[in-house]
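Visitor: This one is model_5.txt, compact mmCIF, C-alpha atoms.
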# COMPACT_ATOMS: atom_id res chain seq x y z
CA MET A 1 152.80 -93.88 5.58
CA SER A 2 155.47 -95.02 3.15
CA VAL A 3 154.74 -92.12 0.76
CA ALA A 4 154.98 -89.59 3.62
CA GLY A 5 158.18 -91.24 4.88
CA SER A 6 159.74 -91.17 1.43
CA ALA A 7 158.79 -87.51 0.95
CA CYS A 8 160.35 -86.58 4.31
CA ALA A 9 163.51 -88.53 3.45
CA VAL A 10 163.86 -86.72 0.11
CA LEU A 11 163.37 -83.33 1.82
CA LEU A 12 165.95 -84.21 4.44
CA ILE A 13 168.48 -85.26 1.77
CA LEU A 14 167.89 -82.01 -0.15
CA LEU A 15 168.34 -79.95 3.04
CA VAL A 16 171.61 -81.64 3.98
CA ALA A 17 172.93 -81.41 0.40
CA SER A 18 172.13 -77.68 0.20
CA LEU A 19 173.81 -76.98 3.56
CA TYR A 20 176.92 -78.89 2.46
CA ARG A 21 177.05 -77.04 -0.86
CA GLY A 22 176.69 -73.67 0.87
CA TRP A 23 179.49 -74.36 3.35
CA SER A 24 181.85 -75.78 0.75
CA THR A 25 181.23 -72.81 -1.58
CA ALA A 26 181.83 -70.28 1.20
CA SER A 27 185.16 -71.79 2.16
CA SER A 28 186.31 -72.10 -1.47
CA VAL A 29 187.10 -68.37 -1.50
CA LEU A 30 190.34 -69.27 0.26
CA THR A 31 191.48 -71.35 -2.71
CA HIS A 32 191.09 -68.33 -5.00
CA LEU A 33 193.05 -65.89 -2.86
CA PRO A 34 196.67 -65.31 -3.85
CA GLY A 35 199.04 -67.42 -1.79
CA ASP A 36 200.28 -70.92 -1.23
CA VAL A 37 200.39 -71.24 2.57
CA TRP A 38 198.07 -69.97 5.29
CA VAL A 39 199.44 -69.39 8.77
CA ALA A 40 196.96 -69.33 11.65
CA GLN A 41 197.02 -69.39 15.42
CA ALA A 42 197.35 -72.86 16.96
CA GLY A 43 193.92 -74.39 17.53
CA THR A 44 192.21 -72.58 14.64
CA ARG A 45 190.02 -75.17 12.96
CA ASP A 46 188.02 -73.14 10.45
CA PRO A 47 188.64 -69.59 9.18
CA PHE A 48 184.90 -68.82 9.04
CA ARG A 49 183.79 -70.07 12.46
CA SER A 50 186.84 -69.40 14.61
CA THR A 51 189.27 -66.58 15.28
CA SER A 52 193.01 -66.57 14.65
CA LEU A 53 195.05 -63.82 16.25
CA LEU A 54 198.69 -63.62 15.30
CA PRO A 55 201.12 -61.20 16.98
CA SER A 56 201.84 -57.85 15.37
CA GLY A 57 204.83 -58.13 13.08
CA ALA A 58 204.26 -61.82 12.28
CA ALA A 59 204.17 -61.05 8.55
CA GLY A 60 207.60 -59.42 8.70
CA ARG A 61 209.08 -62.42 10.52
CA LEU A 62 207.55 -64.80 7.97
CA GLU A 63 209.06 -62.83 5.08
CA ARG A 64 212.54 -63.41 6.54
CA ILE A 65 212.15 -67.19 6.08
CA PRO A 66 214.13 -68.41 3.03
CA GLY A 67 211.80 -69.07 0.09
CA VAL A 68 209.01 -66.77 1.30
CA ARG A 69 208.47 -63.95 -1.19
CA LEU A 70 205.61 -62.14 0.53
CA ALA A 71 203.42 -62.44 3.63
CA ILE A 72 199.99 -60.81 3.50
CA PRO A 73 197.94 -60.28 6.66
CA VAL A 74 194.26 -61.16 6.27
CA TYR A 75 191.86 -59.33 8.57
CA ALA A 76 188.48 -60.99 8.88
CA ARG A 77 185.44 -60.71 11.15
CA ARG A 78 181.68 -60.99 11.13
CA ILE A 79 179.96 -57.63 10.71
CA ALA A 80 176.30 -56.75 11.03
CA PHE A 81 175.01 -53.67 9.23
CA THR A 82 171.83 -52.33 7.69
CA GLN A 83 171.35 -51.78 3.95
CA ASP A 84 168.05 -50.42 2.63
CA ARG A 85 166.32 -51.30 5.93
CA ARG A 86 167.64 -54.87 5.74
CA ASP A 87 169.80 -56.27 8.51
CA LEU A 88 172.80 -58.05 6.99
CA ASP A 89 175.24 -60.31 8.81
CA VAL A 90 178.33 -60.85 6.66
CA TYR A 91 181.85 -62.20 6.93
CA PHE A 92 184.15 -59.32 5.99
CA MET A 93 187.71 -60.00 4.78
CA SER A 94 190.42 -57.45 4.09
CA LEU A 95 193.93 -58.10 2.77
CA GLY A 96 196.79 -55.95 4.04
CA VAL A 97 198.72 -55.53 0.78
CA ALA A 98 200.64 -52.73 -0.86
CA SER A 99 198.76 -51.48 -3.92
CA ARG A 100 202.03 -51.01 -5.84
CA LEU A 101 202.66 -54.76 -6.09
CA PRO A 102 202.23 -56.22 -9.60
CA TRP A 103 199.12 -58.36 -9.09
CA PRO A 104 197.46 -60.16 -12.02
CA ALA A 105 194.32 -58.39 -13.26
CA ALA A 106 192.05 -61.26 -12.13
CA VAL A 107 193.40 -61.10 -8.56
CA ARG A 108 193.23 -57.30 -8.49
CA SER A 109 189.61 -57.13 -9.68
CA SER A 110 188.40 -59.91 -7.36
CA PHE A 111 190.35 -59.24 -4.17
CA LEU A 112 191.94 -55.79 -4.32
CA PRO A 113 189.31 -53.10 -4.84
CA PRO A 114 190.40 -49.46 -4.98
CA PRO A 115 190.43 -47.45 -1.73
CA GLY A 116 186.86 -47.03 -0.47
CA GLY A 117 185.69 -49.97 -2.56
CA VAL A 118 184.48 -53.44 -1.69
CA VAL A 119 183.93 -56.64 -3.66
CA VAL A 120 180.87 -58.57 -2.46
CA ASP A 121 179.90 -62.19 -2.82
CA ARG A 122 177.24 -63.01 -5.42
CA ALA A 123 174.93 -64.50 -2.75
CA LEU A 124 175.11 -61.31 -0.66
CA ALA A 125 174.50 -59.18 -3.74
CA GLN A 126 171.38 -61.18 -4.59
CA ASN A 127 170.04 -61.23 -1.01
CA ALA A 128 170.62 -57.52 -0.45
CA GLY A 129 169.81 -56.38 -3.98
CA LEU A 130 173.30 -54.92 -4.43
CA GLN A 131 174.80 -53.87 -7.74
CA VAL A 132 178.16 -52.42 -8.78
CA GLY A 133 178.19 -48.75 -7.81
CA ASP A 134 175.91 -49.10 -4.75
CA GLU A 135 177.05 -47.53 -1.49
CA LEU A 136 177.29 -49.51 1.76
CA ASP A 137 177.54 -47.94 5.21
CA VAL A 138 179.75 -50.43 7.06
CA LEU A 139 180.58 -49.48 10.64
CA GLY A 140 180.24 -45.79 9.82
CA ARG A 141 182.36 -45.94 6.69
CA GLU A 142 180.94 -45.58 3.18
CA LEU A 143 182.14 -48.30 0.81
CA ARG A 144 181.25 -48.46 -2.90
CA VAL A 145 180.58 -51.87 -4.44
CA THR A 146 183.24 -52.20 -7.16
CA GLY A 147 182.73 -55.86 -7.98
CA ILE A 148 180.52 -58.87 -7.42
Could you write out this structure as structure tokens?
Guide:
Amino acid sequence: MSVAGSACAVLLILLVASLYRGWSTASSVLTHLPGDVWVAQAGTRDPFRSTSLLPSGAAGRLERIPGVRLAIPVYARRIAFTQDRRDLDVYFMSLGVASRLPWPAAVRSSFLPPPGGVVVDRALAQNAGLQVGDELDVLGRELRVTGI
């Protein structure tokens, strides 16, 4: 009984640790995005499991605040689509930025793909068998994987 109990305890610890690592890794993408402050709707607790809707024109009003250089809208939602007969459920994020802005190369390659392009998370790429250059049909629009 003690051996079985110990084995179950170890499995439970591994399960909880893997869930924690997955959630903390998923939310760390926000720390790599360009920007110092995130503005969300009151009551938003988590950007991945809740929705924040700000009024149209909020970015323009934020840019008028002294000390604010730029406000970038982030559009995000869960999307389900099929790739190579696999059903995928992903969290899709898009930044509303002008391409003419002088972004560092690391930010541009990770977060600002060219028009018609998409950068995918490494876990999604592995699960779906995606590689740079693959085409995705997302909500009726063809997107080419330009980075992982």
Visitor: Residues at most 10 Å from Leu53 (chain A), counting all atoms listed in the file, excluding those fewer than 4 positions away in the same chain, as a PDB file with C-alpha atoms, in the frame of the given file?
Guide:
ATOM      1  CA  ALA A  40     196.960 -69.330  11.650  1.00  0.00           C
ATOM      2  CA  GLN A  41     197.020 -69.390  15.420  1.00  0.00           C
ATOM      3  CA  ALA A  42     197.350 -72.860  16.960  1.00  0.00           C
ATOM      4  CA  THR A  44     192.210 -72.580  14.640  1.00  0.00           C
ATOM      5  CA  TYR A  75     191.860 -59.330   8.570  1.00  0.00           C
TER       6      TYR A  75
END
Visitor: From the list A:Ala4, A:Val16, A:Val10, A:Val90, which residue is nearest Ala128 (chain A) when using all atoms listed in the file?
Guide: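 Counting all atoms listed in the file, the residue closest to Ala128 (chain A) is A:Val90.
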Visitor: Which residues, written as a list in words, have at least one atom at most 8 Å from Ile79 (chain A), with only C-alpha atoms counted and residues fewer than 6 positions away on the same chain left out?
Guide: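 Close residues of Ile79 (chain A): Asp89, Val90, Tyr91 and Phe92 of chain A.
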Visitor: Determine the nearest neighbour of Arg144 (chain A) from the options A:Leu130, A:Val118, A:Leu124, A:Leu54, counting only C-alpha atoms.
Guide: A:Val118
Visitor: With all atoms listed in the file as the atoms that count, which of A:Gly117, A:Pro102, A:Arg69, A:Ala7 lies nearest to Glu142 (chain A)?
Guide: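 Using all atoms listed in the file, Glu142 (chain A) sits closest to A:Gly117.
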Visitor: CA of Asp137 (chain A) and CA of Asp121 (chain A), how far apart in Å?
Guide: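 Between CA of Asp121 (chain A) and CA of Asp137 (chain A) the gap is 16.5 Å.
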